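Peer 1: So here's model_33.cif (mmCIF, C-alpha atoms and all ligand atoms).
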data_protein
#
loop_
_atom_site.label_atom_id
_atom_site.label_comp_id
_atom_site.auth_asym_id
_atom_site.auth_seq_id
_atom_site.Cartn_x
_atom_site.Cartn_y
_atom_site.Cartn_z
CA MET Z 1 -48.16 -5.19 25.03
CA LYS Z 2 -49.27 -2.73 22.39
CA LEU Z 3 -49.04 1.05 22.35
CA LYS Z 4 -52.78 1.33 23.09
CA ASP Z 5 -52.36 -0.83 26.23
CA ILE Z 6 -49.75 1.59 27.59
CA ALA Z 7 -52.06 4.52 26.82
CA LYS Z 8 -54.89 2.86 28.77
CA LEU Z 9 -52.69 2.09 31.80
CA ALA Z 10 -51.27 5.63 31.84
CA SER Z 11 -54.66 7.23 31.11
CA VAL Z 12 -53.29 9.18 28.14
CA SER Z 13 -53.80 9.07 24.37
CA GLU Z 14 -51.86 6.73 22.05
CA THR Z 15 -50.35 9.85 20.44
CA ALA Z 16 -49.02 10.92 23.83
CA VAL Z 17 -47.39 7.53 24.33
CA SER Z 18 -45.85 7.64 20.84
CA LEU Z 19 -44.47 11.17 21.40
CA VAL Z 20 -42.89 10.18 24.72
CA LEU Z 21 -41.41 6.85 23.57
CA ASN Z 22 -40.00 8.48 20.42
CA ASP Z 23 -38.50 11.37 22.44
CA LYS Z 24 -40.54 13.89 20.46
CA PRO Z 25 -41.30 17.35 21.90
CA THR Z 26 -44.44 17.17 24.09
CA ARG Z 27 -46.37 19.23 26.69
CA ILE Z 28 -46.99 16.13 28.81
CA SER Z 29 -45.66 16.58 32.38
CA GLN Z 30 -42.32 15.04 33.32
CA GLU Z 31 -44.11 12.85 35.90
CA LYS Z 32 -46.52 11.45 33.31
CA GLN Z 33 -43.64 10.92 30.84
CA ALA Z 34 -41.77 8.95 33.49
CA GLU Z 35 -44.89 6.87 34.18
CA ILE Z 36 -45.30 6.06 30.46
CA ARG Z 37 -41.64 5.01 30.16
CA ARG Z 38 -41.91 2.89 33.31
CA ILE Z 39 -44.99 1.03 32.05
CA ALA Z 40 -43.31 0.40 28.67
CA LYS Z 41 -40.12 -0.91 30.33
CA GLU Z 42 -41.91 -3.10 32.88
CA ASN Z 43 -43.94 -4.70 30.06
CA ASN Z 44 -40.95 -5.09 27.63
CA TYR Z 45 -42.76 -2.99 25.05
CA ARG Z 46 -41.21 -3.17 21.53
CA PRO Z 47 -42.53 -0.76 18.86
CA ASN Z 48 -44.15 -2.47 15.90
CA LEU Z 49 -41.57 -1.55 13.24
CA ALA Z 50 -43.68 -2.90 10.39
CA ALA Z 51 -46.55 -0.61 11.36
CA LYS Z 52 -44.17 2.32 11.89
CA ASN Z 53 -42.45 1.77 8.56
CA LEU Z 54 -45.78 1.29 6.76
CA ALA Z 55 -46.84 4.70 7.96
CA SER Z 56 -43.57 6.32 6.88
CA LYS Z 57 -43.35 4.26 3.63
CA THR Z 58 -39.87 3.04 4.60
CA THR Z 59 -38.55 -0.37 5.63
CA GLY Z 60 -35.76 0.64 7.97
CA THR Z 61 -33.40 -1.54 5.93
CA ILE Z 62 -30.24 -0.74 3.92
CA GLY Z 63 -28.47 -2.97 1.38
CA LEU Z 64 -24.69 -3.46 1.19
CA ILE Z 65 -23.22 -5.24 -1.85
CA ILE Z 66 -19.58 -6.31 -1.48
CA PRO Z 67 -17.54 -8.19 -4.09
CA ASP Z 68 -15.57 -10.74 -2.01
CA LEU Z 69 -16.82 -11.72 1.46
CA GLU Z 70 -13.75 -13.96 1.96
CA ASN Z 71 -11.43 -10.93 1.74
CA PRO Z 72 -11.03 -9.49 5.27
CA PHE Z 73 -10.95 -6.01 3.77
CA PHE Z 74 -14.61 -6.35 2.80
CA SER Z 75 -15.70 -8.17 5.96
CA GLY Z 76 -14.06 -5.35 7.91
CA LEU Z 77 -15.86 -2.77 5.76
CA ALA Z 78 -19.17 -4.64 6.20
CA LYS Z 79 -18.74 -4.69 9.98
CA SER Z 80 -18.09 -0.95 10.04
CA VAL Z 81 -21.13 -0.20 7.87
CA GLU Z 82 -23.45 -2.50 9.84
CA ASP Z 83 -22.28 -1.09 13.20
CA GLU Z 84 -22.82 2.46 12.03
CA LEU Z 85 -26.23 1.84 10.46
CA ARG Z 86 -27.47 0.03 13.57
CA LYS Z 87 -26.73 3.21 15.56
CA HIS Z 88 -29.32 4.83 13.30
CA ASN Z 89 -31.80 1.95 13.80
CA TYR Z 90 -31.27 0.46 10.34
CA LEU Z 91 -31.11 -3.25 9.57
CA THR Z 92 -28.34 -4.00 7.02
CA PHE Z 93 -28.70 -6.67 4.33
CA ILE Z 94 -25.09 -7.67 3.46
CA VAL Z 95 -24.79 -9.55 0.16
CA ASN Z 96 -21.77 -10.86 -1.77
CA SER Z 97 -21.46 -10.48 -5.56
CA ASP Z 98 -18.40 -12.78 -5.65
CA ASP Z 99 -16.87 -10.29 -8.10
CA SER Z 100 -19.47 -11.37 -10.69
CA HIS Z 101 -21.31 -8.73 -12.74
CA SER Z 102 -24.36 -10.96 -13.26
CA ASN Z 103 -24.60 -11.65 -9.49
CA GLU Z 104 -24.23 -7.93 -8.86
CA LYS Z 105 -27.11 -7.02 -11.17
CA GLU Z 106 -29.34 -9.69 -9.63
CA LEU Z 107 -28.52 -8.63 -6.06
CA LEU Z 108 -29.09 -4.98 -6.90
CA GLN Z 109 -32.55 -5.81 -8.21
CA LEU Z 110 -33.36 -8.07 -5.23
CA LEU Z 111 -32.44 -5.31 -2.80
CA VAL Z 112 -34.49 -2.73 -4.70
CA ASN Z 113 -37.45 -5.14 -4.83
CA SER Z 114 -37.17 -5.72 -1.08
CA GLY Z 115 -37.65 -2.00 -0.60
CA VAL Z 116 -34.36 -1.03 1.03
CA ASP Z 117 -34.26 2.65 1.94
CA GLY Z 118 -30.70 3.03 0.63
CA MET Z 119 -27.73 1.10 -0.75
CA LEU Z 120 -23.95 0.94 -0.41
CA MET Z 121 -21.96 -0.86 -3.09
CA THR Z 122 -18.38 -1.85 -3.89
CA LEU Z 123 -18.29 -2.66 -7.59
CA SER Z 124 -17.22 -6.15 -8.65
CA ASN Z 125 -14.08 -6.75 -10.73
CA GLU Z 126 -16.33 -7.63 -13.67
CA SER Z 127 -18.48 -4.51 -13.48
CA PHE Z 128 -15.48 -2.59 -14.82
CA LEU Z 129 -15.80 -4.70 -17.98
CA HIS Z 130 -19.54 -3.82 -18.24
CA LYS Z 131 -19.28 -0.16 -17.34
CA GLU Z 132 -21.93 1.24 -19.69
CA GLU Z 133 -24.52 -1.30 -18.54
CA MET Z 134 -23.72 -0.76 -14.87
CA VAL Z 135 -23.74 3.04 -15.14
CA SER Z 136 -27.11 2.88 -16.87
CA LEU Z 137 -28.47 0.63 -14.09
CA LEU Z 138 -27.17 2.98 -11.38
CA LYS Z 139 -28.53 6.08 -13.13
CA GLY Z 140 -31.94 4.38 -13.25
CA LEU Z 141 -32.01 3.73 -9.51
CA ASN Z 142 -34.64 5.58 -7.46
CA THR Z 143 -33.07 4.25 -4.26
CA PRO Z 144 -30.38 6.51 -2.76
CA TYR Z 145 -26.95 4.82 -3.09
CA ILE Z 146 -23.23 5.35 -2.64
CA LEU Z 147 -20.26 3.69 -4.36
CA VAL Z 148 -17.65 2.69 -1.78
CA ASP Z 149 -13.93 2.07 -2.43
CA ARG Z 150 -14.28 1.11 -6.12
CA THR Z 151 -15.98 3.78 -8.20
CA TYR Z 152 -16.51 4.92 -11.75
CA PRO Z 153 -14.51 8.17 -12.00
CA ASN Z 154 -16.86 9.85 -14.46
CA LEU Z 155 -20.16 8.88 -12.83
CA LYS Z 156 -21.60 11.77 -10.79
CA CYS Z 157 -22.93 10.00 -7.70
CA ASN Z 158 -22.20 9.63 -4.00
CA LYS Z 159 -18.71 8.14 -3.61
CA VAL Z 160 -16.17 7.49 -0.90
CA TYR Z 161 -12.73 6.03 -1.63
CA TYR Z 162 -9.07 6.25 -0.72
CA ASN Z 163 -6.49 8.11 -2.81
CA ASN Z 164 -5.07 4.97 -4.38
CA ARG Z 165 -2.53 6.70 -6.63
CA LEU Z 166 -1.01 8.34 -3.54
CA GLY Z 167 -0.94 4.96 -1.79
CA GLY Z 168 1.00 3.32 -4.62
CA TYR Z 169 3.36 6.32 -4.71
CA LEU Z 170 4.02 6.25 -0.92
CA ALA Z 171 4.93 2.54 -0.98
CA THR Z 172 7.28 2.89 -3.94
CA LYS Z 173 8.86 6.17 -2.75
CA TYR Z 174 9.64 4.53 0.60
CA LEU Z 175 11.55 1.73 -1.17
CA ILE Z 176 13.39 4.22 -3.40
CA ASP Z 177 14.45 6.24 -0.35
CA LEU Z 178 15.94 3.02 1.10
CA GLY Z 179 18.06 2.53 -2.02
CA HIS Z 180 15.86 0.16 -4.08
CA LYS Z 181 15.87 0.80 -7.84
CA ASN Z 182 14.66 -2.43 -9.43
CA ILE Z 183 11.16 -2.58 -7.94
CA GLY Z 184 8.50 -5.03 -9.10
CA PHE Z 185 4.73 -4.53 -8.92
CA ILE Z 186 1.92 -7.10 -8.72
CA LYS Z 187 -1.17 -5.43 -10.12
CA SER Z 188 -4.87 -5.90 -9.49
CA PRO Z 189 -6.98 -6.74 -12.55
CA GLU Z 190 -6.10 -3.75 -14.74
CA GLN Z 191 -9.71 -2.75 -15.36
CA ILE Z 192 -10.31 -2.03 -11.67
CA PHE Z 193 -9.90 1.71 -11.37
CA ASN Z 194 -8.74 1.84 -7.74
CA GLY Z 195 -6.23 -1.03 -8.01
CA ASN Z 196 -4.81 0.33 -11.26
CA ASN Z 197 -4.31 3.76 -9.68
CA ARG Z 198 -1.95 2.13 -7.18
CA TYR Z 199 0.16 0.96 -10.13
CA LEU Z 200 0.08 4.50 -11.59
CA GLY Z 201 1.39 5.76 -8.23
CA TYR Z 202 4.25 3.25 -8.50
CA LEU Z 203 5.05 4.62 -11.97
CA ASP Z 204 4.90 8.20 -10.62
CA ALA Z 205 7.53 7.45 -7.97
CA MET Z 206 9.82 5.56 -10.36
CA ARG Z 207 9.63 8.34 -12.96
CA GLU Z 208 10.15 11.01 -10.31
CA ALA Z 209 13.40 9.22 -9.38
CA GLU Z 210 14.23 8.92 -13.09
CA TYR Z 211 14.60 5.15 -12.76
CA SER Z 212 14.13 2.96 -15.79
CA ILE Z 213 11.12 0.65 -15.54
CA ASP Z 214 11.45 -2.82 -17.01
CA GLU Z 215 8.09 -4.20 -18.17
CA GLN Z 216 9.24 -7.60 -16.88
CA TRP Z 217 9.02 -6.15 -13.36
CA SER Z 218 5.25 -5.90 -13.28
CA VAL Z 219 2.60 -8.60 -13.58
CA GLU Z 220 -1.21 -8.47 -13.49
CA SER Z 221 -3.00 -10.61 -10.92
CA ASP Z 222 -6.44 -10.81 -9.31
CA PHE Z 223 -6.40 -9.29 -5.81
CA LYS Z 224 -6.47 -12.84 -4.37
CA TYR Z 225 -4.02 -14.89 -2.23
CA ASP Z 226 -3.59 -17.63 -4.84
CA GLY Z 227 -3.14 -14.97 -7.53
CA GLY Z 228 -0.26 -13.42 -5.58
CA TYR Z 229 1.26 -16.88 -5.01
CA LEU Z 230 1.11 -17.90 -8.67
CA SER Z 231 1.99 -14.54 -10.30
CA SER Z 232 4.97 -13.76 -8.05
CA GLU Z 233 7.20 -16.60 -9.30
CA VAL Z 234 8.07 -14.70 -12.49
CA LEU Z 235 9.22 -11.73 -10.37
CA LEU Z 236 11.00 -13.70 -7.64
CA GLU Z 237 13.03 -15.52 -10.30
CA GLN Z 238 14.49 -12.20 -11.54
CA ALA Z 239 17.63 -11.78 -9.46
CA ASP Z 240 17.88 -8.05 -10.27
CA ILE Z 241 14.56 -7.25 -8.52
CA THR Z 242 15.23 -6.16 -4.92
CA ALA Z 243 11.66 -5.24 -3.87
CA ILE Z 244 8.03 -5.90 -4.80
CA VAL Z 245 4.93 -3.78 -4.18
CA CYS Z 246 1.56 -5.60 -4.26
CA ALA Z 247 -1.79 -3.91 -4.94
CA ASN Z 248 -3.26 -5.62 -1.86
CA ASP Z 249 -2.23 -7.61 1.22
CA LEU Z 250 -3.77 -10.92 0.14
CA MET Z 251 -1.52 -11.06 -2.93
CA ALA Z 252 1.47 -10.05 -0.78
CA PHE Z 253 0.75 -13.00 1.55
CA GLY Z 254 0.78 -15.21 -1.54
CA VAL Z 255 4.20 -13.79 -2.45
CA MET Z 256 5.47 -14.68 1.04
CA LYS Z 257 4.37 -18.29 0.57
CA LYS Z 258 6.01 -18.57 -2.87
CA ALA Z 259 9.21 -16.95 -1.54
CA ARG Z 260 9.39 -19.53 1.28
CA GLU Z 261 9.08 -22.36 -1.24
CA MET Z 262 11.86 -20.79 -3.36
CA ARG Z 263 14.06 -20.35 -0.26
CA ILE Z 264 13.96 -16.58 -0.73
CA LYS Z 265 14.06 -14.61 2.52
CA ILE Z 266 11.91 -11.52 3.14
CA PRO Z 267 13.28 -8.88 3.64
CA GLU Z 268 16.89 -10.18 3.53
CA ASP Z 269 16.73 -11.23 -0.14
CA ILE Z 270 13.75 -9.18 -1.31
CA SER Z 271 11.65 -6.44 0.29
CA LEU Z 272 7.86 -6.58 0.14
CA ILE Z 273 5.02 -4.08 0.62
CA GLY Z 274 1.29 -4.86 0.55
CA TYR Z 275 -1.87 -2.70 0.57
CA ASP Z 276 -4.91 -2.69 2.90
CA ASN Z 277 -3.39 -3.44 6.36
CA LEU Z 278 -5.55 -6.51 7.01
CA SER Z 279 -5.79 -7.19 10.73
CA PHE Z 280 -4.83 -10.88 10.54
CA GLY Z 281 -1.42 -9.83 9.20
CA GLU Z 282 -0.59 -8.98 12.83
CA ILE Z 283 -0.45 -12.66 13.85
CA MET Z 284 2.43 -13.37 11.44
CA ASP Z 285 6.01 -13.48 12.76
CA THR Z 286 7.16 -11.25 9.91
CA GLN Z 287 4.58 -8.49 9.77
CA LEU Z 288 3.86 -7.05 6.32
CA THR Z 289 4.80 -3.46 5.63
CA THR Z 290 1.69 -2.11 3.95
CA VAL Z 291 -0.46 0.85 2.96
CA LYS Z 292 -3.33 1.32 5.39
CA GLN Z 293 -6.81 2.12 4.17
CA ASP Z 294 -8.90 2.21 7.33
CA MET Z 295 -12.00 0.06 6.73
CA LYS Z 296 -13.80 1.49 9.78
CA ALA Z 297 -13.28 5.08 8.68
CA LEU Z 298 -14.37 4.16 5.14
CA GLY Z 299 -17.58 2.56 6.41
CA VAL Z 300 -18.44 5.40 8.78
CA GLU Z 301 -17.92 8.01 6.04
CA ALA Z 302 -19.96 5.97 3.55
CA VAL Z 303 -22.90 5.73 5.97
CA ARG Z 304 -22.68 9.46 6.79
CA ILE Z 305 -22.93 10.40 3.12
CA LEU Z 306 -25.71 7.91 2.34
CA LEU Z 307 -27.90 8.97 5.29
CA SER Z 308 -27.34 12.61 4.36
CA ASP Z 309 -28.51 11.90 0.81
CA MET Z 310 -31.51 9.91 2.06
CA SER Z 311 -32.66 12.79 4.23
CA SER Z 312 -31.78 15.80 2.10
CA LYS Z 313 -31.67 14.44 -1.48
CA GLY Z 314 -29.21 17.25 -2.14
CA ASP Z 315 -26.08 17.35 -4.31
CA LYS Z 316 -24.12 14.13 -4.58
CA ILE Z 317 -21.05 13.96 -2.34
CA GLN Z 318 -17.59 12.64 -3.23
CA SER Z 319 -15.19 11.99 -0.38
CA GLU Z 320 -11.51 11.05 -0.88
CA LEU Z 321 -9.64 9.68 2.15
CA GLU Z 322 -5.87 9.58 2.63
CA PRO Z 323 -3.98 6.26 2.88
CA GLU Z 324 -1.05 5.83 5.26
CA LEU Z 325 2.19 3.81 4.87
CA LEU Z 326 2.69 1.45 7.84
CA VAL Z 327 6.36 0.37 8.11
CA LYS Z 328 6.65 -3.08 9.72
CA ASP Z 329 9.08 -6.00 9.06
CA THR Z 330 9.25 -6.77 5.33
CA VAL Z 331 11.44 -3.97 3.98
CA ARG Z 332 15.19 -3.43 4.42
CA ASN Z 333 17.76 -0.82 3.50
CA LEU Z 334 19.77 -1.66 0.39
O1 LIG T 1 -8.16 -6.46 -1.08
C1 LIG T 1 -9.21 -6.10 -1.94
C2 LIG T 1 -8.94 -4.78 -2.57
O2 LIG T 1 -10.07 -4.45 -3.34
C3 LIG T 1 -8.72 -3.71 -1.54
O3 LIG T 1 -7.46 -3.09 -1.71
C4 LIG T 1 -9.86 -2.75 -1.74
O4 LIG T 1 -9.42 -1.45 -2.08
C5 LIG T 1 -10.73 -3.36 -2.80
O5 LIG T 1 -11.02 -2.48 -3.82
#
Let me see the structure of the file written as structure tokens.
Ligand code: RIB
Peer 2:
Amino acid sequence: MKLKDIAKLASVSETAVSLVLNDKPTRISQEKQAEIRRIAKENNYRPNLAAKNLASKTTGTIGLIIPDLENPFFSGLAKSVEDELRKHNYLTFIVNSDDSHSNEKELLQLLVNSGVDGMLMTLSNESFLHKEEMVSLLKGLNTPYILVDRTYPNLKCNKVYYNNRLGGYLATKYLIDLGHKNIGFIKSPEQIFNGNNRYLGYLDAMREAEYSIDEQWSVESDFKYDGGYLSSEVLLEQADITAIVCANDLMAFGVMKKAREMRIKIPEDISLIGYDNLSFGEIMDTQLTTVKQDMKALGVEAVRILLSDMSSKGDKIQSELEPELLVKDTVRNL
């Protein structure tokens, strides 16, 4: 069933059918509109999107590049973005850079070549080591885009991210208020702006309390479960450390595994705080105290800003969201 078939059956023009089925303003009578809709429904009419998009020089598709599909933070973000874009009749191409800068560049080009109408992107770990090249690529884009979660602070573009420095501060301040002084920190790769800001927030809280900070108490890792498992041993061995903050939940889960192997109890022997509030943490007997950055809210805000830019091509929008400390089972009073 094509649009012209409906027009013939309803004895109206194809334009009339298009106006009615696209809910556009029309002078056609309510009765005739109802008849057109009935014929379309009874014949399972589906608009020819290719023809529609050809006319409007769009594809009705949006690209989303995420850096680690195995990390539930990004699968949660991808779900939020896809849900929200579908409400606006967009098809979302979700691709995974695997935290590789070369993959990221290739995927960016593939999406542009496929004619996506817009793009959302969380920068890979490596793109922070190739900033000039990446910024130049992004500045050369004709496709509207937004950086989500991980951004370049000095690049004027559409951005949405959480206040990471506040998140690191909230976690550390909470421990200090419970009497902890010797607090360790497991960092993301230092070049990643958002992860490193969490560490700066830790330093802010420790300095505000005028506590000395031993360099042995912090270690750089990779935002991954195995990274948290391997890097935490050097902190768990230090008997003077009473608490550890991790730059994300996956590394904190790695700490929990290493602590079990070393017969260290959480929180009895050492308190632990993560970052992200991954949903699968809820199935664990000892639920991780963590800093929540709501993936759904992040995705909805990212889509709002991108669609606004695609329609108005106005000033670029930066949106900073507030994290929230969620107190669960892995921290105790000293
Ligand atoms: O867990 C992955 C981390 O990298 C999250 O904290 C998120 O902010 C992303 O940048």
Peer 1: Find the residues around Z:Leu111 up to 9 Å (only C-alpha atoms counted), leave out those fewer than 5 positions away in its own chain, and share them as an mmCIF file with C-alpha atoms, keeping the file's coordinate frame.
Peer 2:
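Result file is result.cif:
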data_model
loop_
_atom_site.group_PDB
_atom_site.id
_atom_site.type_symbol
_atom_site.label_atom_id
_atom_site.label_comp_id
_atom_site.auth_asym_id
_atom_site.auth_seq_id
_atom_site.Cartn_x
_atom_site.Cartn_y
_atom_site.Cartn_z
ATOM 1 C CA ILE Z 62 -30.240 -0.740 3.920
ATOM 2 C CA GLY Z 63 -28.470 -2.970 1.380
ATOM 3 C CA LEU Z 64 -24.690 -3.460 1.190
ATOM 4 C CA PHE Z 93 -28.700 -6.670 4.330
ATOM 5 C CA GLU Z 106 -29.340 -9.690 -9.630
ATOM 6 C CA VAL Z 116 -34.360 -1.030 1.030
ATOM 7 C CA MET Z 119 -27.730 1.100 -0.750
#
Peer 1: With 8 Å as the threshold, what does the neighbourhood of (9.0, -11.2, 10.4) contain in terms of residues, counting all atoms listed in the file? Coordinates are those of the file; answer as JSON, numbers by chain.
Peer 2: {"Z": [266, 284, 285, 286, 287, 288, 329, 330]}
Peer 1: Would you mind telling me which residue in Z:Asp204, Z:Asp269, Z:Glu84, Z:Glu31 lies nearest to Z:Asp240 when using only C-alpha atoms?
Peer 2: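 The answer is Z:Asp269, which sits nearest to Z:Asp240.
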Peer 1: Which polymer residues have any atom within 12 Å of an atom of Z:Gly281, counting only C-alpha atoms, with same-chain residues fewer than 5 positions away left out, as a PyMOL selection string?
Peer 2: chain Z and resi 72-73+248-250+252-253+256+274-276+286-290+292+328-330
Peer 1: For the selection just defined, write its residues with C-alpha atoms to a file, as a PDB file, keeping the file's coordinate frame.
Peer 2:
ATOM      1  CA  PRO Z  72     -11.030  -9.490   5.270  1.00  0.00           C
ATOM      2  CA  PHE Z  73     -10.950  -6.010   3.770  1.00  0.00           C
ATOM      3  CA  ASN Z 248      -3.260  -5.620  -1.860  1.00  0.00           C
ATOM      4  CA  ASP Z 249      -2.230  -7.610   1.220  1.00  0.00           C
ATOM      5  CA  LEU Z 250      -3.770 -10.920   0.140  1.00  0.00           C
ATOM      6  CA  ALA Z 252       1.470 -10.050  -0.780  1.00  0.00           C
ATOM      7  CA  PHE Z 253       0.750 -13.000   1.550  1.00  0.00           C
ATOM      8  CA  MET Z 256       5.470 -14.680   1.040  1.00  0.00           C
ATOM      9  CA  GLY Z 274       1.290  -4.860   0.550  1.00  0.00           C
ATOM     10  CA  TYR Z 275      -1.870  -2.700   0.570  1.00  0.00           C
ATOM     11  CA  ASP Z 276      -4.910  -2.690   2.900  1.00  0.00           C
ATOM     12  CA  THR Z 286       7.160 -11.250   9.910  1.00  0.00           C
ATOM     13  CA  GLN Z 287       4.580  -8.490   9.770  1.00  0.00           C
ATOM     14  CA  LEU Z 288       3.860  -7.050   6.320  1.00  0.00           C
ATOM     15  CA  THR Z 289       4.800  -3.460   5.630  1.00  0.00           C
ATOM     16  CA  THR Z 290       1.690  -2.110   3.950  1.00  0.00           C
ATOM     17  CA  LYS Z 292      -3.330   1.320   5.390  1.00  0.00           C
ATOM     18  CA  LYS Z 328       6.650  -3.080   9.720  1.00  0.00           C
ATOM     19  CA  ASP Z 329       9.080  -6.000   9.060  1.00  0.00           C
ATOM     20  CA  THR Z 330       9.250  -6.770   5.330  1.00  0.00           C
TER      21      THR Z 330
END
Peer 1: When you count only C-alpha atoms and all ligand atoms, which of these residues is closest to ligand LIG 1 (chain T): Z:Tyr90, Z:Tyr152, Z:Trp217, Z:Phe74?
Peer 2: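 Of Z:Tyr90, Z:Tyr152, Z:Trp217, Z:Phe74, the one nearest ligand LIG 1 (chain T) is Z:Phe74, counting only C-alpha atoms and all ligand atoms.
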Peer 1: Which residues are close to Z:Leu325, i.e. within 12 Å by only C-alpha atoms, leaving aside same-chain residues fewer than 2 positions away? Reply as a ChimeraX atom specification.
Peer 2: /Z:164,166-175,273-277,288-294,322-323,327-328
Peer 1: Here is a test: counting all atoms listed in the file, which residue of Z:Thr143, Z:Asn158, Z:Ser231, Z:Gln238 is nearest to Z:Ile183?
Peer 2: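 Of all the options, Z:Gln238 lies closest to Z:Ile183.
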Peer 1: Just the residues within 10 Å of stretch 189-193 of chain Z, please, counting only C-alpha atoms, with nothing from its chain fewer than 5 positions along; format it as a PyMOL selection string.
Peer 2: chain Z and resi 123-129+149-153+164+198-199+219-223+247
Peer 1: Stretch 107-113 of chain Z, all listed atoms, 6 Å padding on each side: what axis-aligned box centre and edge lengths in Å to one decimal come out, as AutoDock Vina command-line options?
Peer 2:
--center_x -33.0 --center_y -5.7 --center_z -5.5 --size_x 20.9 --size_y 17.9 --size_z 17.4
Peer 1: Rank Z:Leu77, Z:Ile213, Z:Met310, Z:Ala205 by their smallest atom-to-atom distance to ligand LIG 1 (chain T), using all atoms listed in the file, and report the top residue only.
Peer 2: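 Closest to ligand LIG 1 (chain T) of all the choices is Z:Leu77.
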Peer 1: For Z:Ile305, please output as a ChimeraX atom specification all residues within 12 Å (counting all atoms listed in the file; exclusion window: fewer than 5 positions along the same chain).
Peer 2: /Z:81,84-85,118-120,144-148,157-160,298-300,310-319
Peer 1: Next, dump the selected residues to file, keeping only C-alpha atoms, as a JSON list (two decimals), in the frame of the given file.
Peer 2:
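Output below, filename part-v4.json:
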[["chain", "number", "residue", "atom", "x", "y", "z"],
["Z", 81, "VAL", "CA", -21.13, -0.20, 7.87],
["Z", 84, "GLU", "CA", -22.82, 2.46, 12.03],
["Z", 85, "LEU", "CA", -26.23, 1.84, 10.46],
["Z", 118, "GLY", "CA", -30.70, 3.03, 0.63],
["Z", 119, "MET", "CA", -27.73, 1.10, -0.75],
["Z", 120, "LEU", "CA", -23.95, 0.94, -0.41],
["Z", 144, "PRO", "CA", -30.38, 6.51, -2.76],
["Z", 145, "TYR", "CA", -26.95, 4.82, -3.09],
["Z", 146, "ILE", "CA", -23.23, 5.35, -2.64],
["Z", 147, "LEU", "CA", -20.26, 3.69, -4.36],
["Z", 148, "VAL", "CA", -17.65, 2.69, -1.78],
["Z", 157, "CYS", "CA", -22.93, 10.00, -7.70],
["Z", 158, "ASN", "CA", -22.20, 9.63, -4.00],
["Z", 159, "LYS", "CA", -18.71, 8.14, -3.61],
["Z", 160, "VAL", "CA", -16.17, 7.49, -0.90],
["Z", 298, "LEU", "CA", -14.37, 4.16, 5.14],
["Z", 299, "GLY", "CA", -17.58, 2.56, 6.41],
["Z", 300, "VAL", "CA", -18.44, 5.40, 8.78],
["Z", 310, "MET", "CA", -31.51, 9.91, 2.06],
["Z", 311, "SER", "CA", -32.66, 12.79, 4.23],
["Z", 312, "SER", "CA", -31.78, 15.80, 2.10],
["Z", 313, "LYS", "CA", -31.67, 14.44, -1.48],
["Z", 314, "GLY", "CA", -29.21, 17.25, -2.14],
["Z", 315, "ASP", "CA", -26.08, 17.35, -4.31],
["Z", 316, "LYS", "CA", -24.12, 14.13, -4.58],
["Z", 317, "ILE", "CA", -21.05, 13.96, -2.34],
["Z", 318, "GLN", "CA", -17.59, 12.64, -3.23],
["Z", 319, "SER", "CA", -15.19, 11.99, -0.38]]
Peer 1: Closest to ligand LIG 1 (chain T) among Z:Pro267, Z:Gly115, Z:Gly60, Z:Pro67, using only C-alpha atoms and all ligand atoms?
Peer 2: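 Nearest candidate to ligand LIG 1 (chain T) out of Z:Pro267, Z:Gly115, Z:Gly60, Z:Pro67: Z:Pro67.
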Peer 1: Please check which residues have atoms at most 10 Å from (16.8, 3.5, -4.1) in the file's coordinates, counting only C-alpha atoms, and write them as a ChimeraX atom specification.
Peer 2: /Z:172-183,206,209,211,242,333-334
Peer 1: Let me make sure I understand: among Z:Met295, Z:Val255, Z:Leu107, Z:Ala243, which one has the smallest atom-to-atom distance to ligand LIG 1 (chain T) if we use only C-alpha atoms and all ligand atoms?
Peer 2: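 Checking each candidate against ligand LIG 1 (chain T), we get Z:Met295 as the closest.
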Peer 1: Distance atom CA of Z:Tyr161-atom CA of Z:Glu320, one decimal place?
Peer 2: 5.2 Å
Peer 1: So how far away is atom CA of Z:Cys246 from atom CA of Z:Ile186, in Å?
Peer 2: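 Between atom CA of Z:Ile186 and atom CA of Z:Cys246 the gap works out to 4.7 Å.
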